[in-house]
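Content type mmCIF, C-alpha atoms, pLDDT in the B column; chains and numbers go by the auth columns, from the file query_29.cif:
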```cif
data_coords
#
loop_
_atom_site.group_PDB
_atom_site.id
_atom_site.type_symbol
_atom_site.label_atom_id
_atom_site.label_comp_id
_atom_site.label_asym_id
_atom_site.label_seq_id
_atom_site.Cartn_x
_atom_site.Cartn_y
_atom_site.Cartn_z
_atom_site.B_iso_or_equiv
_atom_site.auth_seq_id
_atom_site.auth_asym_id
ATOM 1 C CA MET A 1 2.121 18.263 11.746 70.00 1 A
ATOM 2 C CA ALA A 2 5.738 19.304 11.605 80.00 2 A
ATOM 3 C CA ILE A 3 8.505 16.989 10.471 82.00 3 A
ATOM 4 C CA ASP A 4 10.160 16.720 13.909 90.00 4 A
ATOM 5 C CA PRO A 5 7.594 14.530 15.725 93.00 5 A
ATOM 6 C CA LEU A 6 7.678 11.998 12.870 95.00 6 A
ATOM 7 C CA GLN A 7 11.463 12.046 12.831 96.00 7 A
ATOM 8 C CA THR A 8 11.442 11.389 16.599 96.00 8 A
ATOM 9 C CA LEU A 9 8.973 8.495 16.298 97.00 9 A
ATOM 10 C CA LEU A 10 11.096 6.867 13.592 97.00 10 A
ATOM 11 C CA GLU A 11 14.384 7.398 15.441 97.00 11 A
ATOM 12 C CA ARG A 12 12.834 5.836 18.517 97.00 12 A
ATOM 13 C CA ALA A 13 11.591 2.832 16.516 97.00 13 A
ATOM 14 C CA PHE A 14 14.877 2.447 14.619 97.00 14 A
ATOM 15 C CA PRO A 15 17.567 3.491 17.110 96.00 15 A
ATOM 16 C CA ASP A 16 20.307 1.865 15.041 93.00 16 A
ATOM 17 C CA ALA A 17 19.192 3.343 11.708 96.00 17 A
ATOM 18 C CA ALA A 18 21.926 4.490 9.348 97.00 18 A
ATOM 19 C CA GLU A 19 19.483 7.073 7.978 97.00 19 A
ATOM 20 C CA VAL A 20 16.107 8.505 8.980 97.00 20 A
ATOM 21 C CA HIS A 21 14.786 11.210 6.711 96.00 21 A
ATOM 22 C CA VAL A 22 11.361 12.865 6.736 96.00 22 A
ATOM 23 C CA GLU A 23 10.270 15.210 3.997 96.00 23 A
ATOM 24 C CA ASP A 24 7.107 17.307 3.862 94.00 24 A
ATOM 25 C CA ARG A 25 6.231 16.764 0.195 92.00 25 A
ATOM 26 C CA THR A 26 3.757 19.599 -0.204 89.00 26 A
ATOM 27 C CA GLY A 27 4.650 21.959 2.637 88.00 27 A
ATOM 28 C CA GLY A 28 1.169 21.439 4.046 88.00 28 A
ATOM 29 C CA GLY A 29 2.258 19.256 6.957 89.00 29 A
ATOM 30 C CA ASP A 30 0.257 16.170 5.987 89.00 30 A
ATOM 31 C CA HIS A 31 1.925 14.619 2.898 93.00 31 A
ATOM 32 C CA PHE A 32 5.182 12.989 3.880 95.00 32 A
ATOM 33 C CA GLN A 33 7.987 11.018 2.328 96.00 33 A
ATOM 34 C CA VAL A 34 9.960 9.018 4.888 97.00 34 A
ATOM 35 C CA THR A 35 13.194 7.187 4.194 98.00 35 A
ATOM 36 C CA VAL A 36 14.687 4.718 6.647 98.00 36 A
ATOM 37 C CA ARG A 37 17.905 2.793 6.145 98.00 37 A
ATOM 38 C CA SER A 38 18.522 0.219 8.829 97.00 38 A
ATOM 39 C CA ARG A 39 20.201 -3.140 9.212 95.00 39 A
ATOM 40 C CA ARG A 40 16.906 -4.362 10.675 95.00 40 A
ATOM 41 C CA PHE A 41 15.642 -4.453 7.085 97.00 41 A
ATOM 42 C CA ASN A 42 18.414 -6.729 5.869 96.00 42 A
ATOM 43 C CA GLY A 43 16.854 -9.854 4.400 95.00 43 A
ATOM 44 C CA LEU A 44 13.314 -8.763 5.295 96.00 44 A
ATOM 45 C CA PRO A 45 10.615 -8.732 2.571 95.00 45 A
ATOM 46 C CA LEU A 46 9.600 -5.230 1.448 96.00 46 A
ATOM 47 C CA LEU A 47 6.095 -5.735 2.876 97.00 47 A
ATOM 48 C CA GLU A 48 7.513 -6.432 6.340 97.00 48 A
ATOM 49 C CA GLN A 49 9.922 -3.481 6.084 97.00 49 A
ATOM 50 C CA HIS A 50 7.007 -1.151 5.367 98.00 50 A
ATOM 51 C CA ARG A 51 4.966 -2.750 8.148 97.00 51 A
ATOM 52 C CA LEU A 52 7.675 -1.750 10.646 97.00 52 A
ATOM 53 C CA VAL A 53 7.593 1.848 9.426 98.00 53 A
ATOM 54 C CA ASN A 54 3.787 1.901 9.466 97.00 54 A
ATOM 55 C CA SER A 55 3.692 0.641 13.037 97.00 55 A
ATOM 56 C CA ALA A 56 6.250 3.247 14.143 97.00 56 A
ATOM 57 C CA LEU A 57 3.885 5.885 12.721 97.00 57 A
ATOM 58 C CA ALA A 58 0.669 4.147 13.794 96.00 58 A
ATOM 59 C CA GLU A 59 -0.580 7.020 15.934 95.00 59 A
ATOM 60 C CA PRO A 60 -0.272 9.883 13.406 95.00 60 A
ATOM 61 C CA LEU A 61 -1.635 7.513 10.727 94.00 61 A
ATOM 62 C CA ARG A 62 -4.636 6.625 12.876 91.00 62 A
ATOM 63 C CA ASP A 63 -5.534 10.132 13.975 90.00 63 A
ATOM 64 C CA GLY A 64 -5.252 11.487 10.451 86.00 64 A
ATOM 65 C CA THR A 65 -2.337 13.895 10.962 90.00 65 A
ATOM 66 C CA ILE A 66 -0.589 11.977 8.195 93.00 66 A
ATOM 67 C CA HIS A 67 -2.881 12.249 5.213 90.00 67 A
ATOM 68 C CA GLU A 68 -0.507 10.662 2.730 91.00 68 A
ATOM 69 C CA LEU A 69 2.637 8.676 3.418 95.00 69 A
ATOM 70 C CA ARG A 70 5.317 7.516 1.029 96.00 70 A
ATOM 71 C CA ILE A 71 7.852 5.065 2.380 97.00 71 A
ATOM 72 C CA THR A 72 11.307 4.140 1.160 97.00 72 A
ATOM 73 C CA THR A 73 13.189 1.498 3.125 98.00 73 A
ATOM 74 C CA ARG A 74 16.670 0.147 2.578 96.00 74 A
ATOM 75 C CA GLY A 75 18.820 -2.367 4.347 96.00 75 A
ATOM 76 C CA THR A 76 22.474 -1.685 5.006 93.00 76 A
ATOM 77 C CA GLU A 77 23.871 -4.570 2.994 82.00 77 A
ATOM 78 C CA MET B 1 -18.123 -10.692 11.209 73.00 78 B
ATOM 79 C CA SER B 2 -19.965 -7.700 9.748 91.00 79 B
ATOM 80 C CA GLU B 3 -21.613 -8.049 6.371 95.00 80 B
ATOM 81 C CA LEU B 4 -19.284 -5.393 4.966 96.00 81 B
ATOM 82 C CA ARG B 5 -16.189 -7.160 6.237 96.00 82 B
ATOM 83 C CA GLU B 6 -17.419 -10.384 4.691 97.00 83 B
ATOM 84 C CA LYS B 7 -17.901 -8.663 1.335 97.00 84 B
ATOM 85 C CA ILE B 8 -14.405 -7.204 1.462 98.00 85 B
ATOM 86 C CA GLN B 9 -12.894 -10.530 2.419 98.00 86 B
ATOM 87 C CA ASN B 10 -14.778 -12.180 -0.410 98.00 87 B
ATOM 88 C CA VAL B 11 -13.295 -9.721 -2.933 98.00 88 B
ATOM 89 C CA ILE B 12 -9.798 -10.308 -1.549 98.00 89 B
ATOM 90 C CA GLU B 13 -10.186 -14.076 -1.720 98.00 90 B
ATOM 91 C CA THR B 14 -11.913 -14.438 -5.075 97.00 91 B
ATOM 92 C CA GLU B 15 -10.489 -11.688 -7.298 96.00 92 B
ATOM 93 C CA PRO B 16 -7.131 -12.512 -8.920 96.00 93 B
ATOM 94 C CA VAL B 17 -5.883 -8.952 -8.401 97.00 94 B
ATOM 95 C CA ALA B 18 -7.792 -6.677 -6.020 98.00 95 B
ATOM 96 C CA LEU B 19 -6.924 -2.978 -5.797 98.00 96 B
ATOM 97 C CA PHE B 20 -8.574 -1.036 -2.976 98.00 97 B
ATOM 98 C CA MET B 21 -8.274 2.577 -4.013 98.00 98 B
ATOM 99 C CA LYS B 22 -9.623 6.089 -3.668 97.00 99 B
ATOM 100 C CA GLY B 23 -11.867 6.592 -6.674 97.00 100 B
ATOM 101 C CA THR B 24 -12.190 4.324 -9.686 97.00 101 B
ATOM 102 C CA PRO B 25 -9.746 3.496 -12.515 96.00 102 B
ATOM 103 C CA GLN B 26 -11.698 5.972 -14.674 95.00 103 B
ATOM 104 C CA PHE B 27 -11.674 8.678 -12.017 96.00 104 B
ATOM 105 C CA VAL B 28 -8.764 8.261 -9.612 96.00 105 B
ATOM 106 C CA MET B 29 -9.048 10.487 -6.547 94.00 106 B
ATOM 107 C CA CYS B 30 -5.555 10.117 -5.072 92.00 107 B
ATOM 108 C CA GLY B 31 -1.985 10.195 -6.304 93.00 108 B
ATOM 109 C CA ASN B 32 -0.959 6.991 -4.545 95.00 109 B
ATOM 110 C CA SER B 33 -3.937 5.058 -5.912 97.00 110 B
ATOM 111 C CA ASP B 34 -2.968 6.321 -9.355 97.00 111 B
ATOM 112 C CA ARG B 35 0.634 5.148 -8.922 97.00 112 B
ATOM 113 C CA ALA B 36 -0.490 1.664 -7.895 98.00 113 B
ATOM 114 C CA LEU B 37 -2.971 1.432 -10.768 98.00 114 B
ATOM 115 C CA ARG B 38 -0.382 2.537 -13.333 98.00 115 B
ATOM 116 C CA ALA B 39 2.179 0.038 -12.076 98.00 116 B
ATOM 117 C CA LEU B 40 -0.395 -2.786 -12.176 97.00 117 B
ATOM 118 C CA ARG B 41 -1.509 -1.806 -15.682 96.00 118 B
ATOM 119 C CA GLY B 42 2.126 -1.673 -16.765 96.00 119 B
ATOM 120 C CA ALA B 43 2.562 -5.249 -15.570 96.00 120 B
ATOM 121 C CA GLY B 44 -0.581 -6.296 -17.467 95.00 121 B
ATOM 122 C CA ALA B 45 -2.474 -7.243 -14.318 96.00 122 B
ATOM 123 C CA PRO B 46 -6.216 -7.991 -14.508 96.00 123 B
ATOM 124 C CA VAL B 47 -7.255 -5.364 -11.966 97.00 124 B
ATOM 125 C CA THR B 48 -10.444 -5.518 -9.949 97.00 125 B
ATOM 126 C CA ALA B 49 -10.863 -2.118 -8.312 98.00 126 B
ATOM 127 C CA VAL B 50 -12.810 -1.322 -5.176 98.00 127 B
ATOM 128 C CA ASP B 51 -13.467 2.341 -4.380 98.00 128 B
ATOM 129 C CA ILE B 52 -13.136 2.869 -0.634 97.00 129 B
ATOM 130 C CA LEU B 53 -14.513 6.420 -0.647 97.00 130 B
ATOM 131 C CA PRO B 54 -18.301 5.774 -0.641 96.00 131 B
ATOM 132 C CA ASP B 55 -18.242 4.746 3.033 96.00 132 B
ATOM 133 C CA PRO B 56 -15.492 5.329 5.669 95.00 133 B
ATOM 134 C CA ALA B 57 -16.356 1.917 7.113 97.00 134 B
ATOM 135 C CA ILE B 58 -14.831 0.238 4.034 97.00 135 B
ATOM 136 C CA ARG B 59 -11.381 1.515 4.879 95.00 136 B
ATOM 137 C CA GLN B 60 -11.785 0.648 8.574 95.00 137 B
ATOM 138 C CA GLU B 61 -12.862 -2.914 7.851 97.00 138 B
ATOM 139 C CA LEU B 62 -10.213 -3.359 5.172 97.00 139 B
ATOM 140 C CA SER B 63 -7.389 -2.187 7.451 96.00 140 B
ATOM 141 C CA ALA B 64 -8.693 -4.402 10.248 96.00 141 B
ATOM 142 C CA LEU B 65 -8.541 -7.388 7.879 97.00 142 B
ATOM 143 C CA SER B 66 -5.168 -6.627 6.317 97.00 143 B
ATOM 144 C CA GLY B 67 -3.305 -4.946 9.192 95.00 144 B
ATOM 145 C CA TRP B 68 -2.273 -2.302 6.650 97.00 145 B
ATOM 146 C CA PRO B 69 -3.132 1.301 7.557 95.00 146 B
ATOM 147 C CA THR B 70 -3.004 3.161 4.250 96.00 147 B
ATOM 148 C CA ILE B 71 -4.717 3.194 0.848 96.00 148 B
ATOM 149 C CA PRO B 72 -4.166 1.828 -1.771 98.00 149 B
ATOM 150 C CA GLN B 73 -3.819 -1.857 -0.946 98.00 150 B
ATOM 151 C CA VAL B 74 -3.097 -4.509 -3.539 98.00 151 B
ATOM 152 C CA PHE B 75 -3.888 -8.195 -3.107 98.00 152 B
ATOM 153 C CA VAL B 76 -3.001 -10.985 -5.499 98.00 153 B
ATOM 154 C CA ARG B 77 -4.802 -14.301 -4.934 97.00 154 B
ATOM 155 C CA GLY B 78 -5.701 -13.166 -1.444 98.00 155 B
ATOM 156 C CA GLU B 79 -2.157 -12.197 -0.496 97.00 156 B
ATOM 157 C CA LEU B 80 -1.402 -8.594 0.487 98.00 157 B
ATOM 158 C CA ILE B 81 1.381 -7.402 -1.804 98.00 158 B
ATOM 159 C CA GLY B 82 1.553 -3.840 -0.523 98.00 159 B
ATOM 160 C CA GLY B 83 0.714 -0.198 -1.090 97.00 160 B
ATOM 161 C CA ALA B 84 1.763 2.173 -3.867 98.00 161 B
ATOM 162 C CA ASP B 85 5.453 2.387 -2.908 98.00 162 B
ATOM 163 C CA ILE B 86 5.898 -1.378 -2.803 98.00 163 B
ATOM 164 C CA ILE B 87 3.958 -1.978 -6.023 98.00 164 B
ATOM 165 C CA GLU B 88 6.016 0.668 -7.840 97.00 165 B
ATOM 166 C CA GLU B 89 9.270 -0.707 -6.491 97.00 166 B
ATOM 167 C CA LEU B 90 8.350 -4.292 -7.425 97.00 167 B
ATOM 168 C CA ALA B 91 7.250 -3.127 -10.881 98.00 168 B
ATOM 169 C CA ALA B 92 10.556 -1.327 -11.424 97.00 169 B
ATOM 170 C CA THR B 93 12.609 -4.428 -10.624 96.00 170 B
ATOM 171 C CA GLY B 94 10.368 -6.810 -12.616 97.00 171 B
ATOM 172 C CA GLU B 95 9.374 -8.659 -9.438 96.00 172 B
ATOM 173 C CA LEU B 96 5.735 -7.627 -9.825 97.00 173 B
ATOM 174 C CA GLU B 97 5.383 -9.475 -13.126 97.00 174 B
ATOM 175 C CA GLN B 98 7.187 -12.478 -11.654 97.00 175 B
ATOM 176 C CA LYS B 99 4.827 -12.468 -8.702 96.00 176 B
ATOM 177 C CA LEU B 100 1.753 -12.201 -10.949 97.00 177 B
ATOM 178 C CA GLU B 101 3.045 -15.029 -13.082 96.00 178 B
ATOM 179 C CA THR B 102 3.738 -17.218 -10.063 97.00 179 B
ATOM 180 C CA LEU B 103 0.389 -16.572 -8.410 96.00 180 B
ATOM 181 C CA LEU B 104 -1.883 -16.285 -11.478 95.00 181 B
ATOM 182 C CA GLY B 105 -0.102 -18.415 -14.058 94.00 182 B
ATOM 183 C CA PRO B 106 1.885 -17.430 -17.156 92.00 183 B
ATOM 184 C CA GLY B 107 -1.225 -16.455 -19.144 92.00 184 B
ATOM 185 C CA TYR B 108 -2.380 -13.819 -16.681 93.00 185 B
ATOM 186 C CA ARG B 109 -2.060 -10.982 -19.192 91.00 186 B
ATOM 187 C CA GLU B 110 -4.754 -12.474 -21.454 88.00 187 B
ATOM 188 C CA SER B 111 -7.518 -11.583 -19.026 76.00 188 B
ATOM 189 C CA ARG B 112 -6.460 -8.031 -18.463 67.00 189 B
ATOM 190 C CA ASP B 113 -9.931 -6.475 -18.344 80.00 190 B
ATOM 191 C CA GLU B 114 -10.511 -4.041 -15.532 90.00 191 B
ATOM 192 C CA HIS B 115 -13.470 -4.547 -13.265 92.00 192 B
ATOM 193 C CA ILE B 116 -15.032 -2.442 -10.574 95.00 193 B
ATOM 194 C CA ILE B 117 -16.776 -3.953 -7.589 94.00 194 B
ATOM 195 C CA ALA B 118 -18.846 -1.973 -5.101 94.00 195 B
ATOM 196 C CA VAL B 119 -18.907 -3.297 -1.539 95.00 196 B
ATOM 197 C CA ALA B 120 -21.020 -0.564 0.032 87.00 197 B
#
```
Translate the structure described by the file into structure tokens.
Amino acid sequence: MAIDPLQTLLERAFPDAAEVHVEDRTGGGDHFQVTVRSRRFNGLPLLEQHRLVNSALAEPLRDGTIHELRITTRGTE
Amino acid sequence: MSELREKIQNVIETEPVALFMKGTPQFVMCGNSDRALRALRGAGAPVTAVDILPDPAIRQELSALSGWPTIPQVFVRGELIGGADIIEELAATGELEQKLETLLGPGYRESRDEHIIAVA
């Protein structure tokens, strides 16, 4: 999978994000690092922040197009 | 509830620190599982490892129970703490040790043996 569809899914899920970044870690199109900075994360426990990212990417996670996912989330405070 | 799901739930509920991973602590089969294991070891956690690779049903049942899609998954006293990124981040800030101390008691490092449990 290319980076673009993941970027689109995340931008749709976090329309007010200050930053959405997707990186193909290995160039193979299945190991990704995603970074999302959004005010939605302000005050939210890390587990819940990652849950929001996981649910935005539920489909590619379920069908196996994402083999490995690394998540970095930040609030805007 | 399936027998497998019951076994998984039992591990989550009874083991102080449960790490569901790809491979075993002696033979880790995935970079993220390795990161979680290292962070837990660094915090002195008494890790009970469950290899999810022997049967794809383990991962399915686990994710159905936890609502968490990826491996590894770390539970302390039955509470989902997170995957590799969260465990590493909590370890880096010292929050992981605080959490272990809160949930397991201040002497948690004394019982730091690693165990492996097979569920399937």
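If you look at CA of Ala18 (chain A) and CA of Thr72 (chain A), they are 13.4 Å away from each other.
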Could you check which of B:Glu191, B:Asp111, B:Asp162, B:Glu138 is closest to chain A, using all atoms listed in the file?
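Comparing B:Glu191, B:Asp111, B:Asp162, B:Glu138 against chain A, the winner is B:Asp162.
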Determine, for each residue of chain A having at least one atom at most 7 Å from an atom of chain B, the closest pair of atoms and their separation in Å to one decimal, counting all atoms listed in the file; order by chain and ascending number, as CSV.
```
residue,atom,partner,partner_atom,distance
A:Leu46,CA,B:Ile163,CA,6.8
A:Leu47,CA,B:Gly159,CA,6.0
A:Arg70,CA,B:Asp162,CA,6.5
A:Ile71,CA,B:Asp162,CA,6.4
```
Can those selected residues be exported to a file as a PDB file, in the frame of the given file so that it contains C-alpha atoms?
```
ATOM      1  CA  LEU A  46       9.600  -5.230   1.448  1.00 96.00           C
ATOM      2  CA  LEU A  47       6.095  -5.735   2.876  1.00 97.00           C
ATOM      3  CA  ARG A  70       5.317   7.516   1.029  1.00 96.00           C
ATOM      4  CA  ILE A  71       7.852   5.065   2.380  1.00 97.00           C
TER       5      ILE A  71
END
```
Residues returned when the PyMOL selection byres ((chain B and resi 131) around 10) runs on this file, as an mmCIF file with C-alpha atoms, keeping the file's coordinate frame:
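What follows is the written file selection.cif:
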```cif
data_model
loop_
_atom_site.group_PDB
_atom_site.id
_atom_site.type_symbol
_atom_site.label_atom_id
_atom_site.label_comp_id
_atom_site.auth_asym_id
_atom_site.auth_seq_id
_atom_site.Cartn_x
_atom_site.Cartn_y
_atom_site.Cartn_z
ATOM 1 C CA LYS B 99 -9.623 6.089 -3.668
ATOM 2 C CA GLY B 100 -11.867 6.592 -6.674
ATOM 3 C CA ASP B 128 -13.467 2.341 -4.380
ATOM 4 C CA ILE B 129 -13.136 2.869 -0.634
ATOM 5 C CA LEU B 130 -14.513 6.420 -0.647
ATOM 6 C CA ASP B 132 -18.242 4.746 3.033
ATOM 7 C CA PRO B 133 -15.492 5.329 5.669
ATOM 8 C CA ALA B 134 -16.356 1.917 7.113
ATOM 9 C CA ILE B 135 -14.831 0.238 4.034
ATOM 10 C CA ARG B 136 -11.381 1.515 4.879
ATOM 11 C CA ALA B 195 -18.846 -1.973 -5.101
ATOM 12 C CA VAL B 196 -18.907 -3.297 -1.539
ATOM 13 C CA ALA B 197 -21.020 -0.564 0.032
#
```
Quiz prompt | Point-to-point distance from CA of Ala95 (chain B) to CA of Thr170 (chain B), Å rounded to tenths | solution =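 Taking CA of Ala95 (chain B) as the start and CA of Thr170 (chain B) as the end point, the length is 21.0 Å.
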Exercise. Hey, can you check how far CA of Leu6 (chain A) sits from CA of Arg39 (chain A)?
Worked result: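 Going from CA of Leu6 (chain A) over to CA of Arg39 (chain A) covers 20.0 Å.
For the set A:Val20, A:Val36, A:Ala2, A:Leu69, the residue with the smallest atom-to-atom gap to Leu52 (chain A) is A:Val36, counting only C-alpha atoms.
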Can you translate the PyMOL selection byres ((chain A and resi 42) around 7) into the concrete residues it hits in this file, as a ChimeraX atom specification?
/A:39-41,43-44,75-77
Tell me which protein, DNA and RNA residues are within 6 Å of Ala17 (chain A), counting all atoms listed in the file, leaving out same-chain ones fewer than 2 positions away, and put them as a ChimeraX atom specification.
/A:14-15,19,37-38
From the options A:Ala13, A:Arg74, A:His31, A:Pro45, which residue's atoms come nearest to Leu61 (chain A), counting all atoms listed in the file?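 The answer is A:His31, which sits nearest to Leu61 (chain A).
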Which residue out of A:Gly29, A:Glu11, A:Gln49, A:Val34 has the minimum interatomic distance to Gly64 (chain A) when all atoms listed in the file are used?
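Closest candidate: A:Gly29.
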Translate the PyMOL selection byres ((chain B and resi 176-185) around 10), as applied to the file shown, into an explicit residue set as a list in words.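 Here the PyMOL selection byres ((chain B and resi 176-185) around 10) matches Pro93, Val94, Leu117, Ala120, Gly121, Ala122, Pro123, Val153, Arg154, Gly155, Glu156, Ile158, Leu167, Ala168, Gly171, Glu172, Leu173, Glu174, Gln175, Arg186, Glu187, Ser188 and Arg189 of chain B.
Each of A:His21, A:His67, A:Arg12, A:Gln33 was compared to Ser55 (chain A) using all atoms listed in the file, and A:Arg12 turns out to be the nearest.
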- Task: Just the residues within 10 Å of Pro60 (chain A), please, counting all atoms listed in the file, with nothing from its chain fewer than 2 positions along; format it as a count of residues only.
- Result: 15
Show me, as JSON, the centre and edge lengths in Å to one decimal of the axis-aligned box that covers every listed atom of region 168-173 of chain B with 6 Å on each side.
```
{"center_x": 9.2, "center_y": -5.0, "center_z": -11.0, "size_x": 18.9, "size_y": 19.3, "size_z": 15.2}
```
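If only C-alpha atoms are the atoms counted, then among A:Glu68, A:His50, A:Glu59, A:Thr8 the closest residue to Arg25 (chain A) is A:Glu68.
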Since fewer atoms than expected are present, regenerate N, CA and C atoms for region 38-52 of chain A and write them as an mmCIF file, in the frame of the given file.
```
data_model
loop_
_atom_site.group_PDB
_atom_site.id
_atom_site.type_symbol
_atom_site.label_atom_id
_atom_site.label_comp_id
_atom_site.auth_asym_id
_atom_site.auth_seq_id
_atom_site.Cartn_x
_atom_site.Cartn_y
_atom_site.Cartn_z
ATOM 1 N N SER A 38 18.176 0.872 7.571
ATOM 2 C CA SER A 38 18.522 0.219 8.829
ATOM 3 C C SER A 38 18.922 -1.229 8.551
ATOM 4 N N ARG A 39 19.813 -1.728 9.400
ATOM 5 C CA ARG A 39 20.201 -3.140 9.212
ATOM 6 C C ARG A 39 19.070 -4.075 9.607
ATOM 7 N N ARG A 40 18.070 -3.532 10.342
ATOM 8 C CA ARG A 40 16.906 -4.362 10.675
ATOM 9 C C ARG A 40 16.171 -4.831 9.418
ATOM 10 N N PHE A 41 16.344 -4.101 8.321
ATOM 11 C CA PHE A 41 15.642 -4.453 7.085
ATOM 12 C C PHE A 41 16.378 -5.516 6.284
ATOM 13 N N ASN A 42 17.631 -5.759 6.644
ATOM 14 C CA ASN A 42 18.414 -6.729 5.869
ATOM 15 C C ASN A 42 17.700 -8.078 5.800
ATOM 16 N N GLY A 43 17.446 -8.534 4.588
ATOM 17 C CA GLY A 43 16.854 -9.854 4.400
ATOM 18 C C GLY A 43 15.362 -9.919 4.647
ATOM 19 N N LEU A 44 14.750 -8.781 5.001
ATOM 20 C CA LEU A 44 13.314 -8.763 5.295
ATOM 21 C C LEU A 44 12.539 -8.407 4.020
ATOM 22 N N PRO A 45 11.416 -9.109 3.738
ATOM 23 C CA PRO A 45 10.615 -8.732 2.571
ATOM 24 C C PRO A 45 10.146 -7.275 2.676
ATOM 25 N N LEU A 46 9.998 -6.644 1.516
ATOM 26 C CA LEU A 46 9.600 -5.230 1.448
ATOM 27 C C LEU A 46 8.326 -4.966 2.253
ATOM 28 N N LEU A 47 7.368 -5.899 2.153
ATOM 29 C CA LEU A 47 6.095 -5.735 2.876
ATOM 30 C C LEU A 47 6.334 -5.620 4.381
ATOM 31 N N GLU A 48 7.227 -6.457 4.897
ATOM 32 C CA GLU A 48 7.513 -6.432 6.340
ATOM 33 C C GLU A 48 8.312 -5.177 6.719
ATOM 34 N N GLN A 49 9.184 -4.724 5.833
ATOM 35 C CA GLN A 49 9.922 -3.481 6.084
ATOM 36 C C GLN A 49 8.954 -2.320 6.231
ATOM 37 N N HIS A 50 7.986 -2.253 5.311
ATOM 38 C CA HIS A 50 7.007 -1.151 5.367
ATOM 39 C C HIS A 50 6.085 -1.297 6.574
ATOM 40 N N ARG A 51 5.792 -2.538 6.943
ATOM 41 C CA ARG A 51 4.966 -2.750 8.148
ATOM 42 C C ARG A 51 5.630 -2.138 9.383
ATOM 43 N N LEU A 52 6.945 -2.301 9.499
ATOM 44 C CA LEU A 52 7.675 -1.750 10.646
ATOM 45 C C LEU A 52 7.589 -0.223 10.672
#
```
